[in-house]
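> structure.pdb is reproduced in full below (PDB, C-alpha atoms, pLDDT in the B column).
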ATOM      1  CA  MET A  38     -11.993  -4.840  -5.602  1.00 82.00           C
ATOM      2  CA  LYS A  39     -11.068  -3.498  -8.992  1.00 91.00           C
ATOM      3  CA  HIS A  40      -8.194  -1.109  -8.303  1.00 92.00           C
ATOM      4  CA  ILE A  41      -5.584  -1.364  -5.547  1.00 91.00           C
ATOM      5  CA  ALA A  42      -2.670   0.774  -4.431  1.00 91.00           C
ATOM      6  CA  VAL A  43       0.613  -0.602  -3.117  1.00 91.00           C
ATOM      7  CA  LEU A  44       3.084   1.403  -1.035  1.00 88.00           C
ATOM      8  CA  THR A  45       6.242   0.796   0.954  1.00 86.00           C
ATOM      9  CA  SER A  46       7.098   2.445   4.258  1.00 81.00           C
ATOM     10  CA  CYS A  47       9.717   2.698   7.019  1.00 76.00           C
ATOM     11  CA  GLY A  48      12.722   2.674   4.719  1.00 76.00           C
ATOM     12  CA  ASP A  49      14.144   0.070   2.373  1.00 78.00           C
ATOM     13  CA  ALA A  50      14.319  -3.557   3.448  1.00 77.00           C
ATOM     14  CA  PRO A  51      15.223  -6.816   1.703  1.00 78.00           C
ATOM     15  CA  GLY A  52      12.251  -8.420  -0.005  1.00 82.00           C
ATOM     16  CA  MET A  53      10.189  -5.272  -0.531  1.00 87.00           C
ATOM     17  CA  ASN A  54      10.538  -5.403  -4.320  1.00 90.00           C
ATOM     18  CA  ALA A  55       9.649  -9.092  -4.283  1.00 90.00           C
ATOM     19  CA  ALA A  56       6.524  -8.283  -2.254  1.00 88.00           C
ATOM     20  CA  ILE A  57       5.587  -5.457  -4.663  1.00 92.00           C
ATOM     21  CA  ARG A  58       6.027  -7.856  -7.572  1.00 93.00           C
ATOM     22  CA  ALA A  59       3.922 -10.568  -5.933  1.00 92.00           C
ATOM     23  CA  VAL A  60       1.113  -8.158  -5.054  1.00 91.00           C
ATOM     24  CA  THR A  61       1.126  -6.571  -8.508  1.00 95.00           C
ATOM     25  CA  ARG A  62       1.182  -9.791 -10.501  1.00 95.00           C
ATOM     26  CA  SER A  63      -1.419 -11.470  -8.302  1.00 92.00           C
ATOM     27  CA  ALA A  64      -3.773  -8.499  -8.605  1.00 93.00           C
ATOM     28  CA  LEU A  65      -3.275  -8.227 -12.364  1.00 96.00           C
ATOM     29  CA  ASP A  66      -3.991 -11.949 -12.671  1.00 95.00           C
ATOM     30  CA  LYS A  67      -7.333 -11.310 -10.915  1.00 94.00           C
ATOM     31  CA  GLY A  68      -8.165  -8.535 -13.402  1.00 96.00           C
ATOM     32  CA  MET A  69      -7.413  -5.639 -11.054  1.00 94.00           C
ATOM     33  CA  THR A  70      -5.634  -2.383 -11.822  1.00 96.00           C
ATOM     34  CA  VAL A  71      -2.591  -1.672  -9.637  1.00 96.00           C
ATOM     35  CA  SER A  72      -1.163   1.724  -8.770  1.00 97.00           C
ATOM     36  CA  GLY A  73       2.164   2.094  -6.999  1.00 96.00           C
ATOM     37  CA  VAL A  74       2.414   4.933  -4.491  1.00 94.00           C
ATOM     38  CA  LEU A  75       5.743   6.698  -4.920  1.00 96.00           C
ATOM     39  CA  GLN A  76       7.565   7.734  -1.734  1.00 94.00           C
ATOM     40  CA  GLY A  77       5.369   5.891   0.774  1.00 89.00           C
ATOM     41  CA  TRP A  78       3.087   7.800   3.135  1.00 86.00           C
ATOM     42  CA  GLN A  79       4.145  11.203   1.800  1.00 91.00           C
ATOM     43  CA  GLY A  80       3.339  10.077  -1.734  1.00 93.00           C
ATOM     44  CA  LEU A  81      -0.091   8.982  -0.565  1.00 90.00           C
ATOM     45  CA  VAL A  82      -0.718  12.470   0.844  1.00 91.00           C
ATOM     46  CA  ASP A  83       0.767  14.210  -2.236  1.00 95.00           C
ATOM     47  CA  GLY A  84      -1.037  12.004  -4.756  1.00 96.00           C
ATOM     48  CA  GLN A  85       2.116  10.492  -6.289  1.00 97.00           C
ATOM     49  CA  PHE A  86       0.811   7.375  -8.063  1.00 97.00           C
ATOM     50  CA  ARG A  87       2.103   5.300 -10.952  1.00 97.00           C
ATOM     51  CA  GLN A  88       0.077   2.589 -12.655  1.00 98.00           C
ATOM     52  CA  LEU A  89       1.971  -0.707 -12.564  1.00 98.00           C
ATOM     53  CA  SER A  90       2.048  -3.466 -15.171  1.00 97.00           C
ATOM     54  CA  ALA A  91       3.631  -6.918 -15.106  1.00 96.00           C
ATOM     55  CA  ARG A  92       6.524  -5.489 -17.113  1.00 96.00           C
ATOM     56  CA  ASP A  93       7.116  -2.748 -14.503  1.00 96.00           C
ATOM     57  CA  VAL A  94       7.752  -5.360 -11.803  1.00 96.00           C
ATOM     58  CA  GLY A  95       9.722  -7.796 -13.955  1.00 94.00           C
ATOM     59  CA  GLY A  96      13.358  -8.323 -12.947  1.00 91.00           C
ATOM     60  CA  ILE A  97      13.097  -6.560  -9.578  1.00 90.00           C
ATOM     61  CA  ILE A  98      13.166  -9.541  -7.204  1.00 86.00           C
ATOM     62  CA  GLN A  99      16.953  -9.553  -6.932  1.00 85.00           C
ATOM     63  CA  VAL A 100      17.148  -5.780  -6.450  1.00 85.00           C
ATOM     64  CA  GLY A 101      17.242  -4.707  -2.799  1.00 80.00           C
ATOM     65  CA  GLY A 102      15.012  -2.082  -1.249  1.00 81.00           C
ATOM     66  CA  THR A 103      11.966  -0.659  -2.992  1.00 89.00           C
ATOM     67  CA  PHE A 104      11.741   0.798  -6.475  1.00 93.00           C
ATOM     68  CA  LEU A 105       8.663   2.792  -5.379  1.00 94.00           C
ATOM     69  CA  GLY A 106      10.624   4.712  -2.767  1.00 92.00           C
ATOM     70  CA  SER A 107       9.747   5.015   0.885  1.00 87.00           C
ATOM     71  CA  ALA A 108       9.102   8.091   2.995  1.00 82.00           C
ATOM     72  CA  ARG A 109       7.383   8.876   6.240  1.00 80.00           C
ATOM     73  CA  SER A 110       5.035  11.821   6.395  1.00 83.00           C
ATOM     74  CA  ALA A 111       4.604  14.522   8.998  1.00 87.00           C
ATOM     75  CA  GLU A 112       1.184  15.258   7.493  1.00 88.00           C
ATOM     76  CA  PHE A 113      -0.255  11.751   7.468  1.00 81.00           C
ATOM     77  CA  PRO A 114      -0.756  11.389  11.250  1.00 78.00           C
ATOM     78  CA  GLU A 115      -2.882  14.556  11.190  1.00 83.00           C
ATOM     79  CA  GLU A 116      -6.542  14.405  10.197  1.00 81.00           C
ATOM     80  CA  SER A 117      -5.929  16.785   7.276  1.00 88.00           C
ATOM     81  CA  GLY A 118      -3.150  14.549   5.911  1.00 86.00           C
ATOM     82  CA  ARG A 119      -5.267  11.405   6.139  1.00 81.00           C
ATOM     83  CA  SER A 120      -8.124  13.266   4.489  1.00 84.00           C
ATOM     84  CA  LYS A 121      -5.847  14.230   1.567  1.00 90.00           C
ATOM     85  CA  ALA A 122      -4.636  10.637   1.270  1.00 87.00           C
ATOM     86  CA  LEU A 123      -8.162   9.205   1.226  1.00 85.00           C
ATOM     87  CA  HIS A 124      -9.226  11.876  -1.289  1.00 88.00           C
ATOM     88  CA  ASN A 125      -6.309  10.902  -3.556  1.00 91.00           C
ATOM     89  CA  LEU A 126      -7.303   7.234  -3.346  1.00 89.00           C
ATOM     90  CA  ALA A 127     -10.972   7.972  -4.059  1.00 88.00           C
ATOM     91  CA  GLN A 128     -10.121  10.336  -6.926  1.00 93.00           C
ATOM     92  CA  ARG A 129      -8.308   7.482  -8.686  1.00 94.00           C
ATOM     93  CA  GLY A 130     -11.028   4.928  -7.965  1.00 91.00           C
ATOM     94  CA  ILE A 131      -8.756   2.920  -5.661  1.00 89.00           C
ATOM     95  CA  ASP A 132     -10.814   0.648  -3.447  1.00 85.00           C
ATOM     96  CA  GLY A 133      -8.099  -1.368  -1.710  1.00 84.00           C
ATOM     97  CA  GLY A 134      -4.486  -1.140  -0.686  1.00 84.00           C
ATOM     98  CA  VAL A 135      -1.358  -2.972   0.368  1.00 85.00           C
ATOM     99  CA  ALA A 136       1.222  -1.391   2.667  1.00 83.00           C
ATOM    100  CA  ILE A 137       4.600  -3.161   2.777  1.00 83.00           C
ATOM    101  CA  SER A 138       6.820  -2.244   5.712  1.00 78.00           C
ATOM    102  CA  GLN A 139       9.926  -3.444   7.495  1.00 66.00           C
ATOM    103  CA  ARG A 140       8.199  -2.497  10.745  1.00 61.00           C
ATOM    104  CA  SER A 141       4.657  -2.133  11.940  1.00 52.00           C
ATOM    105  CA  VAL A 142       2.353  -0.336   9.520  1.00 53.00           C
ATOM    106  CA  ARG A 143       0.630   2.753  10.912  1.00 53.00           C
ATOM    107  CA  GLN A 144      -2.562   1.798  12.676  1.00 47.00           C
ATOM    108  CA  GLY A 145      -4.128   5.152  11.764  1.00 50.00           C
ATOM    109  CA  LEU A 146      -4.191   4.216   8.084  1.00 53.00           C
ATOM    110  CA  ILE A 147      -5.932   0.970   8.849  1.00 49.00           C
ATOM    111  CA  ARG A 148      -8.444   2.578  11.214  1.00 49.00           C
ATOM    112  CA  ASP A 149      -9.363   5.228   8.672  1.00 51.00           C
ATOM    113  CA  GLN A 150      -9.639   2.719   5.853  1.00 53.00           C
ATOM    114  CA  ILE A 151     -12.028   0.613   7.877  1.00 43.00           C
ATOM    115  CA  GLU A 152     -14.122   3.665   8.713  1.00 49.00           C
ATOM    116  CA  ASP A 153     -14.226   4.662   5.051  1.00 55.00           C
ATOM    117  CA  GLY A 154     -14.873   1.146   3.758  1.00 52.00           C
ATOM    118  CA  LEU A 155     -11.516   0.673   2.011  1.00 59.00           C
ATOM    119  CA  ALA A 156     -10.073  -2.843   2.167  1.00 57.00           C
ATOM    120  CA  ALA A 157      -6.372  -3.076   3.008  1.00 59.00           C
ATOM    121  CA  VAL A 158      -3.639  -5.613   3.499  1.00 58.00           C
ATOM    122  CA  LYS A 159      -0.462  -4.905   5.379  1.00 56.00           C
ATOM    123  CA  VAL A 160       2.709  -6.909   4.879  1.00 57.00           C
ATOM    124  CA  ILE A 161       5.333  -6.404   7.568  1.00 51.00           C
ATOM    125  CA  GLY A 162       8.960  -7.331   7.007  1.00 51.00           C
ATOM    126  CA  LYS A 163       8.884  -9.954   9.747  1.00 45.00           C
ATOM    127  CA  LEU A 164       6.190 -11.868   7.848  1.00 33.00           C
ATOM    128  CA  GLY A 165       3.226 -10.595   9.798  1.00 37.00           C
ATOM    129  CA  VAL A 166       0.193 -10.139   7.587  1.00 41.00           C
ATOM    130  CA  LYS A 167      -3.205  -8.725   8.450  1.00 42.00           C
ATOM    131  CA  LEU A 168      -6.072  -8.760   6.012  1.00 42.00           C
ATOM    132  CA  LEU A 169      -8.688  -6.079   6.478  1.00 39.00           C
ATOM    133  CA  GLN A 170     -12.130  -6.270   4.930  1.00 41.00           C
ATOM    134  CA  PRO A 171     -14.321  -3.243   4.252  1.00 44.00           C
ATOM    135  CA  THR A 172     -16.920  -2.393   6.911  1.00 42.00           C
ATOM    136  CA  ARG A 173     -15.777  -5.200   9.217  1.00 40.00           C
ATOM    137  CA  ARG A 174     -13.725  -5.390  12.371  1.00 42.00           C
ATOM    138  CA  VAL A 175      -9.976  -5.961  12.031  1.00 42.00           C
ATOM    139  CA  PRO A 176      -9.245  -9.709  12.251  1.00 43.00           C
ATOM    140  CA  ARG A 177      -6.277 -11.074  14.191  1.00 45.00           C
ATOM    141  CA  ALA A 178      -2.971 -11.768  12.425  1.00 45.00           C
ATOM    142  CA  ILE A 179      -3.187 -14.716  10.072  1.00 41.00           C
TER     143      ILE A 179
END
Please render this file's structure as structure tokens.

Amino acid sequence: MKHIAVLTSCGDAPGMNAAIRAVTRSALDKGMTVSGVLQGWQGLVDGQFRQLSARDVGGIIQVGGTFLGSARSAEFPEESGRSKALHNLAQRGIDGGVAISQRSVRQGLIRDQIEDGLAAVKVIGKLGVKLLQPTRRVPRAI
């Protein structure tokens, strides 16, 4: 992977900014480009991305909630909404993603990413993590 997106969903929750920071700095350390998706699922559909640097995520650990914003989307569950989201990811050359949520991350996103060969990681507020690999079956929670 060379370029990943990170988004937050299901409203603000403690630790989301810390998770964004960890994902961003880890990816940058591996030589990847990181784009933050503004306003969660709706931002993914609308193409609201912001490239993130180490400086962008500095000093945010102690700040509650998510500086990226978080919003559900009425469009995303529909095929047309998911198609827009995947188009926006492909248009920017994004080949992986991290969804950070205080609750379960939408299974539809993960299903579509697997079908389209996009690797994804989901981080759920209750410390459940699933790593998804492109063109493979979804492994059990680690």
> If the PyMOL selection byres ((chain A and resi 87-90) around 7) is run on the structure shown, which residues does it catch, given as a VMD selection string?
chain A and resid 71 to 74 85 to 86 91 to 94
> Would you export the selected residues with C-alpha atoms as a PDB file, in the frame of the given file, please?

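So the final result, stored in part-v2.pdb, reads:
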ATOM      1  CA  VAL A  71      -2.591  -1.672  -9.637  1.00 96.00           C
ATOM      2  CA  SER A  72      -1.163   1.724  -8.770  1.00 97.00           C
ATOM      3  CA  GLY A  73       2.164   2.094  -6.999  1.00 96.00           C
ATOM      4  CA  VAL A  74       2.414   4.933  -4.491  1.00 94.00           C
ATOM      5  CA  GLN A  85       2.116  10.492  -6.289  1.00 97.00           C
ATOM      6  CA  PHE A  86       0.811   7.375  -8.063  1.00 97.00           C
ATOM      7  CA  ALA A  91       3.631  -6.918 -15.106  1.00 96.00           C
ATOM      8  CA  ARG A  92       6.524  -5.489 -17.113  1.00 96.00           C
ATOM      9  CA  ASP A  93       7.116  -2.748 -14.503  1.00 96.00           C
ATOM     10  CA  VAL A  94       7.752  -5.360 -11.803  1.00 96.00           C
TER      11      VAL A  94
END
> Using all atoms listed in the file, which residues sit within 10 Å of Leu105 (chain A) once same-chain residues fewer than 6 positions away are excluded, as an NGL selection string?
:A and (43-46 or 49 or 53-54 or 57 or 73-77 or 80 or 86-87)
> Could you check the closest approach to Ala55 (chain A) for each of A:Val82, A:Ile131, A:Ile98, A:Ala42 and tell me which residue wins, using all atoms listed in the file?
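Ranked by minimum distance to Ala55 (chain A), first place goes to A:Ile98.
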> For CA of Gly130 (chain A) and CA of Glu115 (chain A), determine how far apart the two atoms are, in Å to one decimal place.
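Separation between CA of Gly130 (chain A) and CA of Glu115 (chain A): 22.9 Å.
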> For each of A:Lys67, A:Arg58, A:His124, A:Arg119, take the minimum atom-to-atom distance to Thr103 (chain A), counting all atoms listed in the file, then give the residue where this is smallest.
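Of the candidates, the smallest distance to Thr103 (chain A) is held by A:Arg58.
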> Can you work out which one of A:Ser107, A:Gly102, A:Ala122, A:Gly96 has the shortest atom-to-atom distance to Gly134 (chain A), counting all atoms listed in the file?
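The shortest atom-to-atom distance to Gly134 (chain A) comes from A:Ala122.
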> Looking at all atoms listed in the file, which of A:Ile137, A:Asp132, A:Gly84, A:Gln79 is the one that sits closest to Pro114 (chain A)?
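Ranked by minimum distance to Pro114 (chain A), first place goes to A:Gln79.
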> May I ask for the distance between CA of Gly118 (chain A) and CA of Met69 (chain A), given in Å to one decimal place?
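Taking CA of Gly118 (chain A) as the start and CA of Met69 (chain A) as the end point, the length is 26.7 Å.
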> Just the number, please: distance in Å from CA of Ser110 (chain A) to CA of Asn125 (chain A), one decimal.
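One can read the CA of Ser110 (chain A) to CA of Asn125 (chain A) distance as 15.1 Å.
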> Could you tell me which residues the PyMOL selection byres ((chain A and resi 68) around 12) returns for this structure, as a ChimeraX atom specification?
/A:38-41,61-67,69-71,90
> Counting only C-alpha atoms, which of A:Gly133, A:Gly52, A:Asp83, A:Ser138 gets nearest to Ser117 (chain A)?
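Checking each candidate against Ser117 (chain A), we get A:Asp83 as the closest.
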